[in-house]
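Q: Can you keep this structure in mind? I'll have questions shortly.
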Amino acid sequence: MNIAMMKRLALLSLGLAAGSAQAQLATNLFLDTKAMSLGNAVTADPVGIMSVHFNPAGLTKLDGRQVQFSVQNIYLSVETEFNVPEDYDGEGQLLDVSKDPVAGQKGSAGAALFAPGIGIIPLNHLPLMQAPGAGLSIKPEGSRFTFANAVYIPLAGGFAKDDDDPGRYQAKKVAMQRMTYLSPSFGYQVTDEFSVGATFAFSNHVLALEQDLRAPNILIGVAEQLQDAFGCFNDDGTPTGNDPLVPLVALCGGNIGPYDDVGSLYVETQESLSPSFNMGFLWEPNEWFAWGATYQSEATAHLKGKYELEYTDDFAGFFRKLQSTIFGAIGGAIFQLPTGIKKETGLVSAEQIFPQRFQTGIKIKPIENFQINFDLGWTDFDKWDALTLQFDRPVSFLSSAKIMAPGLVTDTSLRQPLGFKSVWSPALGLAYDLNSRVQLRAGYEPRASSIPEDARSIQAPLGFMEMYSLGMGYQWDKDTVVDFSLAFMQSKEEILADPQSETDNGGPYSNSSNALNRNCLTCTVTNPYPGLDVKTSLTIGAAGITYRTKF
């Protein structure tokens, strides 16, 4: 039971990683309207004041004093479906997945955000999550320098599910936000053709998670069968008073089973000052060609916060009565089993790397009014090899879990392997000058997933995803520009359960994910839906507007 609880907390590690996890999903998205409309292929095509992020060298294209305001209205929907494999035979199975109450059910999730002092706020009734931004720039007359500062959200990911949603065992609510509140930047015109720039960003980083817990494994299946054999409970779940092995051992202190809830977990961590920097280069040798490159440094967020784990009455009662018996007390001392405490709280800390990124691209004008942008970007997700949670005191469910996974678990820490991979992603943007005031835009960006197949989950349903976008730039007057964008992206995954023949001896595993539906007794990562086929669909739409003017 304890081992299963360790598995459940391991999901927290994956969840904290996921929201950045949402990592590959959230890299270079929803930051600028012009960038979105061009598929984010703008390294060689400056986007105004938000060049502080995409390429600080592009700030040299801004004259005088300018101010910019923008907002991205983001719609997010996650759909999940759980099914028993068509050829599954539950006869004789100790853990019959066809009896899983979530089998055959569909779940959904909407957008959510984190508010300091409040926590995770579902946006079920306000499905559009807004990502605002603002900035200003100053280029002194006759100077080669342009100075700028912007407030923006380089990462905003979160979703929430209903209390009875079948997907609640992998993050009922989750939020990850990184807000850059100060970004002093400069661009310097080295020559008429070449510019450089840099940004120094100071950000607030938040990770929060709330989820229900269960422990669907064979060990709990055995405990449930013993309770049935002893007649511990009536059909309606009320206790019969039977417990024939007392005082040697008690198995009827609480009604437990592989598909029963164990409790609920809430974790909230953040760092108020997480620094990073960006460097950029822009070369424009003529009117029809430009090249740009930018490097965004990694940032290590030293996250600190609190956790709260509340067990159900049945789970706590089972161990409380077990510990009151002779063999229960001896076994509890040897294996450090839970004592039956109802609630555990304390402090938790972790380090999470916001990975470094490099992007380069070109802008070509094959004819006078038509422009092609092409970018290629790399994100260093190899740094996401593992995530370690450090607790301020011994946690009961970790104490016994370390017996099964001594290299991953101690009394006060949990190391969750992630194994993410660095990825390259291209981006394409097209622009057509309809007239001297209007520019029409379109973009396409295929995004490879950084999450290995054996680490896929419904908490981070991020497979291969394609973004399609349209937009327009309008020169309102000689000092004012207004940009519009529309974007759509979708990711679908089908994570099949392993054939029954592959679960008898612990492997090999051809289909399933360590982080979702692997049916294995000794797996040391979370599997809240063992043996089930799982389908996920993530859909995101965004509409943005930006207003920039001189003052």
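Naming works like this for the structure tokens: A, B, ... for the chains as they're shown, residue 1 at the start of each chain, ligands 1 onward in shown order.
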Extract, using only C-alpha atoms, all DNA, RNA and protein residues at most 10 Å from Phe381 (chain A), discarding same-chain residues fewer than 3 positions from it, and format them as a list in words.
A: Ala23, Gln24, Ile353, Phe354, Pro355, Gln356, Arg357, Trp378, Trp384, Asp385, Gly419, Phe420, Lys421, Ser422, Val423, Ser450 and Ile451 of chain A
Q: Step one, run DSSP on the backbone; step two, keep only residues of region 41-223 of chain A assigned to helix (DSSP H, G or I); then write them as a PDB file with N, CA and C atoms, in the first residue's frame.
A:
```
ATOM      1  N   GLY A  48       8.740  44.266 -32.672  1.00  0.00           N
ATOM      2  CA  GLY A  48       8.448  45.398 -31.798  1.00  0.00           C
ATOM      3  C   GLY A  48       9.101  45.216 -30.445  1.00  0.00           C
ATOM      4  N   ILE A  49       8.435  45.679 -29.412  1.00  0.00           N
ATOM      5  CA  ILE A  49       9.039  45.655 -28.078  1.00  0.00           C
ATOM      6  C   ILE A  49       9.222  44.232 -27.557  1.00  0.00           C
ATOM      7  N   MET A  50       8.396  43.275 -28.021  1.00  0.00           N
ATOM      8  CA  MET A  50       8.584  41.893 -27.577  1.00  0.00           C
ATOM      9  C   MET A  50       9.809  41.238 -28.205  1.00  0.00           C
ATOM     10  N   SER A  51      10.586  42.007 -28.951  1.00  0.00           N
ATOM     11  CA  SER A  51      11.908  41.531 -29.363  1.00  0.00           C
ATOM     12  C   SER A  51      12.795  41.273 -28.151  1.00  0.00           C
ATOM     13  N   VAL A  52      12.442  41.821 -26.996  1.00  0.00           N
ATOM     14  CA  VAL A  52      13.202  41.540 -25.778  1.00  0.00           C
ATOM     15  C   VAL A  52      13.268  40.037 -25.527  1.00  0.00           C
ATOM     16  N   HIS A  53      12.264  39.306 -26.008  1.00  0.00           N
ATOM     17  CA  HIS A  53      12.249  37.850 -25.853  1.00  0.00           C
ATOM     18  C   HIS A  53      12.755  37.146 -27.108  1.00  0.00           C
ATOM     19  N   PHE A  54      12.218  37.506 -28.272  1.00  0.00           N
ATOM     20  CA  PHE A  54      12.496  36.758 -29.496  1.00  0.00           C
ATOM     21  C   PHE A  54      13.879  37.052 -30.082  1.00  0.00           C
ATOM     22  N   PRO A  56      16.630  40.349 -29.008  1.00  0.00           N
ATOM     23  CA  PRO A  56      16.843  41.725 -28.536  1.00  0.00           C
ATOM     24  C   PRO A  56      17.517  42.631 -29.558  1.00  0.00           C
ATOM     25  N   ALA A  57      18.237  42.064 -30.521  1.00  0.00           N
ATOM     26  CA  ALA A  57      18.869  42.899 -31.542  1.00  0.00           C
ATOM     27  C   ALA A  57      17.821  43.629 -32.378  1.00  0.00           C
ATOM     28  N   GLY A  58      16.616  43.064 -32.452  1.00  0.00           N
ATOM     29  CA  GLY A  58      15.546  43.691 -33.222  1.00  0.00           C
ATOM     30  C   GLY A  58      15.029  44.983 -32.619  1.00  0.00           C
ATOM     31  N   LEU A  59      15.404  45.292 -31.372  1.00  0.00           N
ATOM     32  CA  LEU A  59      14.971  46.545 -30.744  1.00  0.00           C
ATOM     33  C   LEU A  59      15.504  47.763 -31.497  1.00  0.00           C
ATOM     34  N   THR A  60      16.595  47.584 -32.249  1.00  0.00           N
ATOM     35  CA  THR A  60      17.170  48.728 -32.976  1.00  0.00           C
ATOM     36  C   THR A  60      16.245  49.232 -34.079  1.00  0.00           C
ATOM     37  N   LYS A  61      15.196  48.477 -34.408  1.00  0.00           N
ATOM     38  CA  LYS A  61      14.254  48.909 -35.443  1.00  0.00           C
ATOM     39  C   LYS A  61      13.223  49.895 -34.895  1.00  0.00           C
ATOM     40  N   VAL A  97      -8.942  -5.392 -14.522  1.00  0.00           N
ATOM     41  CA  VAL A  97      -9.095  -3.991 -14.929  1.00  0.00           C
ATOM     42  C   VAL A  97     -10.478  -3.704 -15.490  1.00  0.00           C
ATOM     43  N   SER A  98     -11.227  -4.747 -15.884  1.00  0.00           N
ATOM     44  CA  SER A  98     -12.591  -4.507 -16.371  1.00  0.00           C
ATOM     45  C   SER A  98     -13.510  -4.026 -15.256  1.00  0.00           C
ATOM     46  N   LYS A  99     -13.083  -4.197 -13.993  1.00  0.00           N
ATOM     47  CA  LYS A  99     -13.876  -3.719 -12.858  1.00  0.00           C
ATOM     48  C   LYS A  99     -13.481  -2.308 -12.421  1.00  0.00           C
ATOM     49  N   ILE A 218      -1.565  -4.947  -7.398  1.00  0.00           N
ATOM     50  CA  ILE A 218      -1.900  -6.307  -6.974  1.00  0.00           C
ATOM     51  C   ILE A 218      -1.895  -6.445  -5.456  1.00  0.00           C
ATOM     52  N   LEU A 219      -1.003  -5.739  -4.773  1.00  0.00           N
ATOM     53  CA  LEU A 219      -0.938  -5.837  -3.316  1.00  0.00           C
ATOM     54  C   LEU A 219      -2.258  -5.428  -2.673  1.00  0.00           C
ATOM     55  N   ILE A 220      -2.855  -4.375  -3.180  1.00  0.00           N
ATOM     56  CA  ILE A 220      -4.134  -3.926  -2.624  1.00  0.00           C
ATOM     57  C   ILE A 220      -5.241  -4.881  -3.038  1.00  0.00           C
ATOM     58  N   GLY A 221      -5.100  -5.503  -4.235  1.00  0.00           N
ATOM     59  CA  GLY A 221      -6.071  -6.507  -4.645  1.00  0.00           C
ATOM     60  C   GLY A 221      -6.091  -7.687  -3.692  1.00  0.00           C
ATOM     61  N   VAL A 222      -4.913  -8.104  -3.222  1.00  0.00           N
ATOM     62  CA  VAL A 222      -4.826  -9.201  -2.252  1.00  0.00           C
ATOM     63  C   VAL A 222      -5.493  -8.806  -0.940  1.00  0.00           C
ATOM     64  N   ALA A 223      -5.221  -7.588  -0.471  1.00  0.00           N
ATOM     65  CA  ALA A 223      -5.822  -7.118   0.781  1.00  0.00           C
ATOM     66  C   ALA A 223      -7.342  -7.104   0.677  1.00  0.00           C
TER      67      ALA A 223
END
```
Q: Which residues are near region 470-485 of chain A? Cut-off 7 Å, only C-alpha atoms, ignore same chain within fewer than 3 positions. Put them as a PyMOL selection string.
A: chain A and resi 33-34+36-37+437-443+543-550
Q: Save out the residues we just selected, N, CA and C atoms, as a PDB file, in the first residue's frame.
A:
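In the end it all went to part.pdb:
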```pdb
ATOM      1  N   THR A  33       1.617  38.940 -30.687  1.00  0.00           N
ATOM      2  CA  THR A  33       0.602  38.725 -31.718  1.00  0.00           C
ATOM      3  C   THR A  33       1.222  38.516 -33.095  1.00  0.00           C
ATOM      4  N   LYS A  34       2.178  39.351 -33.459  1.00  0.00           N
ATOM      5  CA  LYS A  34       2.821  39.192 -34.759  1.00  0.00           C
ATOM      6  C   LYS A  34       3.556  37.859 -34.839  1.00  0.00           C
ATOM      7  N   MET A  36       2.879  35.057 -33.234  1.00  0.00           N
ATOM      8  CA  MET A  36       1.918  33.968 -33.366  1.00  0.00           C
ATOM      9  C   MET A  36       1.401  33.856 -34.799  1.00  0.00           C
ATOM     10  N   SER A  37       1.105  35.000 -35.434  1.00  0.00           N
ATOM     11  CA  SER A  37       0.540  34.963 -36.784  1.00  0.00           C
ATOM     12  C   SER A  37       1.547  34.470 -37.812  1.00  0.00           C
ATOM     13  N   ARG A 437      -0.524  50.024 -45.852  1.00  0.00           N
ATOM     14  CA  ARG A 437      -0.984  49.979 -44.461  1.00  0.00           C
ATOM     15  C   ARG A 437      -1.222  48.566 -43.933  1.00  0.00           C
ATOM     16  N   VAL A 438      -1.567  47.630 -44.792  1.00  0.00           N
ATOM     17  CA  VAL A 438      -2.016  46.309 -44.352  1.00  0.00           C
ATOM     18  C   VAL A 438      -1.034  45.232 -44.786  1.00  0.00           C
ATOM     19  N   GLN A 439      -0.637  44.396 -43.826  1.00  0.00           N
ATOM     20  CA  GLN A 439       0.164  43.205 -44.119  1.00  0.00           C
ATOM     21  C   GLN A 439      -0.603  41.972 -43.654  1.00  0.00           C
ATOM     22  N   LEU A 440      -0.841  41.032 -44.567  1.00  0.00           N
ATOM     23  CA  LEU A 440      -1.521  39.779 -44.252  1.00  0.00           C
ATOM     24  C   LEU A 440      -0.476  38.713 -43.923  1.00  0.00           C
ATOM     25  N   ARG A 441      -0.783  37.860 -42.926  1.00  0.00           N
ATOM     26  CA  ARG A 441       0.202  36.899 -42.429  1.00  0.00           C
ATOM     27  C   ARG A 441      -0.394  35.515 -42.239  1.00  0.00           C
ATOM     28  N   ALA A 442       0.463  34.504 -42.348  1.00  0.00           N
ATOM     29  CA  ALA A 442       0.073  33.121 -42.067  1.00  0.00           C
ATOM     30  C   ALA A 442       1.289  32.383 -41.530  1.00  0.00           C
ATOM     31  N   GLY A 443       1.040  31.391 -40.681  1.00  0.00           N
ATOM     32  CA  GLY A 443       2.151  30.659 -40.077  1.00  0.00           C
ATOM     33  C   GLY A 443       1.843  29.194 -39.882  1.00  0.00           C
ATOM     34  N   ALA A 543      -6.554  33.946 -29.720  1.00  0.00           N
ATOM     35  CA  ALA A 543      -6.801  35.171 -30.491  1.00  0.00           C
ATOM     36  C   ALA A 543      -6.091  36.312 -29.776  1.00  0.00           C
ATOM     37  N   GLY A 544      -5.262  37.065 -30.518  1.00  0.00           N
ATOM     38  CA  GLY A 544      -4.472  38.110 -29.888  1.00  0.00           C
ATOM     39  C   GLY A 544      -4.570  39.442 -30.596  1.00  0.00           C
ATOM     40  N   ILE A 545      -4.297  40.493 -29.834  1.00  0.00           N
ATOM     41  CA  ILE A 545      -4.243  41.839 -30.380  1.00  0.00           C
ATOM     42  C   ILE A 545      -3.126  42.608 -29.679  1.00  0.00           C
ATOM     43  N   THR A 546      -2.391  43.407 -30.448  1.00  0.00           N
ATOM     44  CA  THR A 546      -1.300  44.228 -29.917  1.00  0.00           C
ATOM     45  C   THR A 546      -1.436  45.646 -30.447  1.00  0.00           C
ATOM     46  N   TYR A 547      -1.213  46.589 -29.547  1.00  0.00           N
ATOM     47  CA  TYR A 547      -1.276  48.014 -29.910  1.00  0.00           C
ATOM     48  C   TYR A 547       0.067  48.643 -29.532  1.00  0.00           C
ATOM     49  N   ARG A 548       0.751  49.253 -30.525  1.00  0.00           N
ATOM     50  CA  ARG A 548       2.028  49.915 -30.272  1.00  0.00           C
ATOM     51  C   ARG A 548       2.016  51.306 -30.892  1.00  0.00           C
ATOM     52  N   THR A 549       2.457  52.277 -30.101  1.00  0.00           N
ATOM     53  CA  THR A 549       2.444  53.651 -30.597  1.00  0.00           C
ATOM     54  C   THR A 549       3.604  54.436 -29.997  1.00  0.00           C
ATOM     55  N   LYS A 550       3.941  55.543 -30.619  1.00  0.00           N
ATOM     56  CA  LYS A 550       4.970  56.441 -30.091  1.00  0.00           C
ATOM     57  C   LYS A 550       4.345  57.419 -29.103  1.00  0.00           C
TER      58      LYS A 550
END
```
Q: Looking at only C-alpha atoms, which of A:Gln105, A:Ser274, A:Asn514, A:Asn55 is the one that sits closest to Glu81 (chain A)?
A: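 Answer, going by the shortest atom-to-atom distance: A:Gln105.
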Q: Find the residues near Arg168 (chain A): any atom within 8 Å, counting only C-alpha atoms, skip ones fewer than 5 places away on the same chain, and give them as an MDAnalysis selection string.
A: chainID A and resid 161:163 211:212
Q: Output N, CA and C atoms for every residue in that selection, as an mmCIF file, in the first residue's frame.
A:
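Generated file (result-v9.cif):
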```
data_model
loop_
_atom_site.group_PDB
_atom_site.id
_atom_site.type_symbol
_atom_site.label_atom_id
_atom_site.label_comp_id
_atom_site.auth_asym_id
_atom_site.auth_seq_id
_atom_site.Cartn_x
_atom_site.Cartn_y
_atom_site.Cartn_z
ATOM 1 N N LYS A 161 -10.158 19.934 -13.562
ATOM 2 C CA LYS A 161 -11.201 18.952 -13.849
ATOM 3 C C LYS A 161 -12.247 18.969 -12.742
ATOM 4 N N ASP A 162 -13.416 18.422 -13.032
ATOM 5 C CA ASP A 162 -14.460 18.310 -12.018
ATOM 6 C C ASP A 162 -14.047 17.296 -10.949
ATOM 7 N N ASP A 163 -14.709 17.383 -9.787
ATOM 8 C CA ASP A 163 -14.358 16.506 -8.671
ATOM 9 C C ASP A 163 -14.581 15.030 -8.977
ATOM 10 N N GLN A 211 -4.634 16.805 -6.600
ATOM 11 C CA GLN A 211 -5.155 15.595 -7.227
ATOM 12 C C GLN A 211 -5.641 14.604 -6.188
ATOM 13 N N ASP A 212 -6.548 13.730 -6.636
ATOM 14 C CA ASP A 212 -7.000 12.620 -5.810
ATOM 15 C C ASP A 212 -6.064 11.438 -6.029
#
```
Q: Where does DSSP see strand (DSSP E) in region 107-272 of chain A, if you list the residues as a PyMOL selection string?
A: chain A and resi 107-115+119-122+128-139+145-160+173-182+185-189+194-214+261-272
Q: Would you mind telling me which residue in A:Asp45, A:Glu79, A:Asp411, A:Glu268 lies nearest to Leu337 (chain A) when using only C-alpha atoms?
A: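 Closest to Leu337 (chain A) of all the choices is A:Asp411.
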Q: Give me, as JSON, numbers by chain, all polymer residues having an atom no more than 6 Å from region 133-139 of chain A, counting only C-alpha atoms and skipping those fewer than 5 positions away in the same chain.
A: {"A": [63, 64, 65, 66, 67, 68, 69, 70, 146, 147, 148, 149, 150, 151, 152]}
Q: Could you save those same residues with all heavy atoms as a tab-separated table (two decimals), in the first residue's frame?
A:
```tsv
chain	number	residue	atom	x	y	z
A	63	ASP	N	12.18	53.41	-33.23
A	63	ASP	CA	12.66	54.79	-33.14
A	63	ASP	C	11.94	55.55	-32.03
A	63	ASP	O	10.77	55.28	-31.72
A	63	ASP	CB	12.44	55.52	-34.47
A	63	ASP	CG	13.29	54.95	-35.59
A	63	ASP	OD1	14.43	54.54	-35.31
A	63	ASP	OD2	12.80	54.90	-36.74
A	64	GLY	N	12.61	56.52	-31.44
A	64	GLY	CA	12.00	57.40	-30.45
A	64	GLY	C	11.54	56.65	-29.21
A	64	GLY	O	12.16	55.67	-28.77
A	65	ARG	N	10.41	57.09	-28.66
A	65	ARG	CA	9.84	56.45	-27.47
A	65	ARG	C	8.54	55.75	-27.89
A	65	ARG	O	7.66	56.36	-28.49
A	65	ARG	CB	9.55	57.50	-26.40
A	65	ARG	CG	10.79	58.25	-25.91
A	65	ARG	CD	10.44	59.22	-24.81
A	65	ARG	NE	9.45	60.21	-25.25
A	65	ARG	CZ	8.86	61.10	-24.46
A	65	ARG	NH1	9.17	61.12	-23.17
A	65	ARG	NH2	7.99	61.97	-24.93
A	66	GLN	N	8.44	54.47	-27.52
A	66	GLN	CA	7.27	53.70	-27.91
A	66	GLN	C	6.75	52.90	-26.73
A	66	GLN	O	7.51	52.52	-25.83
A	66	GLN	CB	7.60	52.76	-29.08
A	66	GLN	CG	8.07	53.49	-30.34
A	66	GLN	CD	8.00	52.61	-31.57
A	66	GLN	OE1	7.19	51.70	-31.67
A	66	GLN	NE2	8.86	52.91	-32.56
A	67	VAL	N	5.44	52.66	-26.75
A	67	VAL	CA	4.79	51.85	-25.73
A	67	VAL	C	3.92	50.81	-26.43
A	67	VAL	O	3.37	51.08	-27.50
A	67	VAL	CB	3.96	52.72	-24.77
A	67	VAL	CG1	2.82	53.42	-25.49
A	67	VAL	CG2	3.42	51.90	-23.59
A	68	GLN	N	3.82	49.64	-25.81
A	68	GLN	CA	3.09	48.53	-26.44
A	68	GLN	C	2.25	47.80	-25.41
A	68	GLN	O	2.68	47.55	-24.28
A	68	GLN	CB	4.09	47.56	-27.08
A	68	GLN	CG	3.47	46.32	-27.71
A	68	GLN	CD	4.51	45.49	-28.44
A	68	GLN	OE1	5.26	45.99	-29.30
A	68	GLN	NE2	4.58	44.19	-28.12
A	69	PHE	N	1.01	47.46	-25.80
A	69	PHE	CA	0.10	46.66	-24.96
A	69	PHE	C	-0.43	45.51	-25.81
A	69	PHE	O	-0.74	45.69	-26.99
A	69	PHE	CB	-1.06	47.51	-24.45
A	69	PHE	CG	-0.65	48.70	-23.65
A	69	PHE	CD1	-0.55	49.96	-24.25
A	69	PHE	CD2	-0.36	48.59	-22.30
A	69	PHE	CE1	-0.17	51.06	-23.52
A	69	PHE	CE2	0.03	49.69	-21.57
A	69	PHE	CZ	0.13	50.94	-22.17
A	70	SER	N	-0.53	44.33	-25.20
A	70	SER	CA	-1.04	43.18	-25.94
A	70	SER	C	-1.79	42.25	-25.01
A	70	SER	O	-1.62	42.28	-23.78
A	70	SER	CB	0.12	42.42	-26.60
A	70	SER	OG	0.95	41.83	-25.61
A	146	THR	N	19.10	51.29	-28.31
A	146	THR	CA	17.67	51.31	-27.99
A	146	THR	C	17.50	50.56	-26.67
A	146	THR	O	17.98	49.43	-26.53
A	146	THR	CB	16.83	50.64	-29.07
A	146	THR	OG1	17.06	51.28	-30.32
A	146	THR	CG2	15.35	50.73	-28.74
A	147	PHE	N	16.83	51.18	-25.72
A	147	PHE	CA	16.59	50.57	-24.42
A	147	PHE	C	15.12	50.19	-24.28
A	147	PHE	O	14.24	50.93	-24.78
A	147	PHE	CB	17.01	51.52	-23.30
A	147	PHE	CG	18.45	51.95	-23.37
A	147	PHE	CD1	18.79	53.16	-23.96
A	147	PHE	CD2	19.46	51.14	-22.88
A	147	PHE	CE1	20.11	53.56	-24.04
A	147	PHE	CE2	20.78	51.53	-22.95
A	147	PHE	CZ	21.11	52.75	-23.54
A	148	ALA	N	14.85	49.07	-23.62
A	148	ALA	CA	13.46	48.61	-23.51
A	148	ALA	C	13.25	47.83	-22.22
A	148	ALA	O	14.21	47.36	-21.59
A	148	ALA	CB	13.11	47.74	-24.72
A	149	ASN	N	12.00	47.70	-21.86
A	149	ASN	CA	11.59	46.88	-20.72
A	149	ASN	C	10.18	46.37	-21.00
A	149	ASN	O	9.36	47.09	-21.56
A	149	ASN	CB	11.62	47.67	-19.42
A	149	ASN	CG	11.36	46.78	-18.21
A	149	ASN	OD1	12.01	45.75	-18.03
A	149	ASN	ND2	10.39	47.17	-17.40
A	150	ALA	N	9.90	45.12	-20.61
A	150	ALA	CA	8.58	44.54	-20.87
A	150	ALA	C	8.16	43.64	-19.71
A	150	ALA	O	9.01	43.07	-19.01
A	150	ALA	CB	8.59	43.74	-22.17
A	151	VAL	N	6.87	43.55	-19.52
A	151	VAL	CA	6.25	42.61	-18.58
A	151	VAL	C	5.47	41.61	-19.42
A	151	VAL	O	4.60	42.00	-20.20
A	151	VAL	CB	5.32	43.33	-17.59
A	151	VAL	CG1	4.65	42.31	-16.67
A	151	VAL	CG2	6.08	44.37	-16.79
A	152	TYR	N	5.79	40.32	-19.28
A	152	TYR	CA	5.13	39.32	-20.10
A	152	TYR	C	5.15	37.96	-19.40
A	152	TYR	O	5.80	37.80	-18.36
A	152	TYR	CB	5.79	39.22	-21.49
A	152	TYR	CG	7.26	38.88	-21.48
A	152	TYR	CD1	7.70	37.59	-21.70
A	152	TYR	CD2	8.23	39.87	-21.25
A	152	TYR	CE1	9.05	37.27	-21.70
A	152	TYR	CE2	9.58	39.56	-21.26
A	152	TYR	CZ	9.98	38.25	-21.47
A	152	TYR	OH	11.33	37.96	-21.47
```
Q: In Å, rounded to a single decimal, give me how far CA of Leu309 (chain A) is from CA of Ala515 (chain A).
A: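 Going from CA of Ala515 (chain A) over to CA of Leu309 (chain A) covers 20.4 Å.
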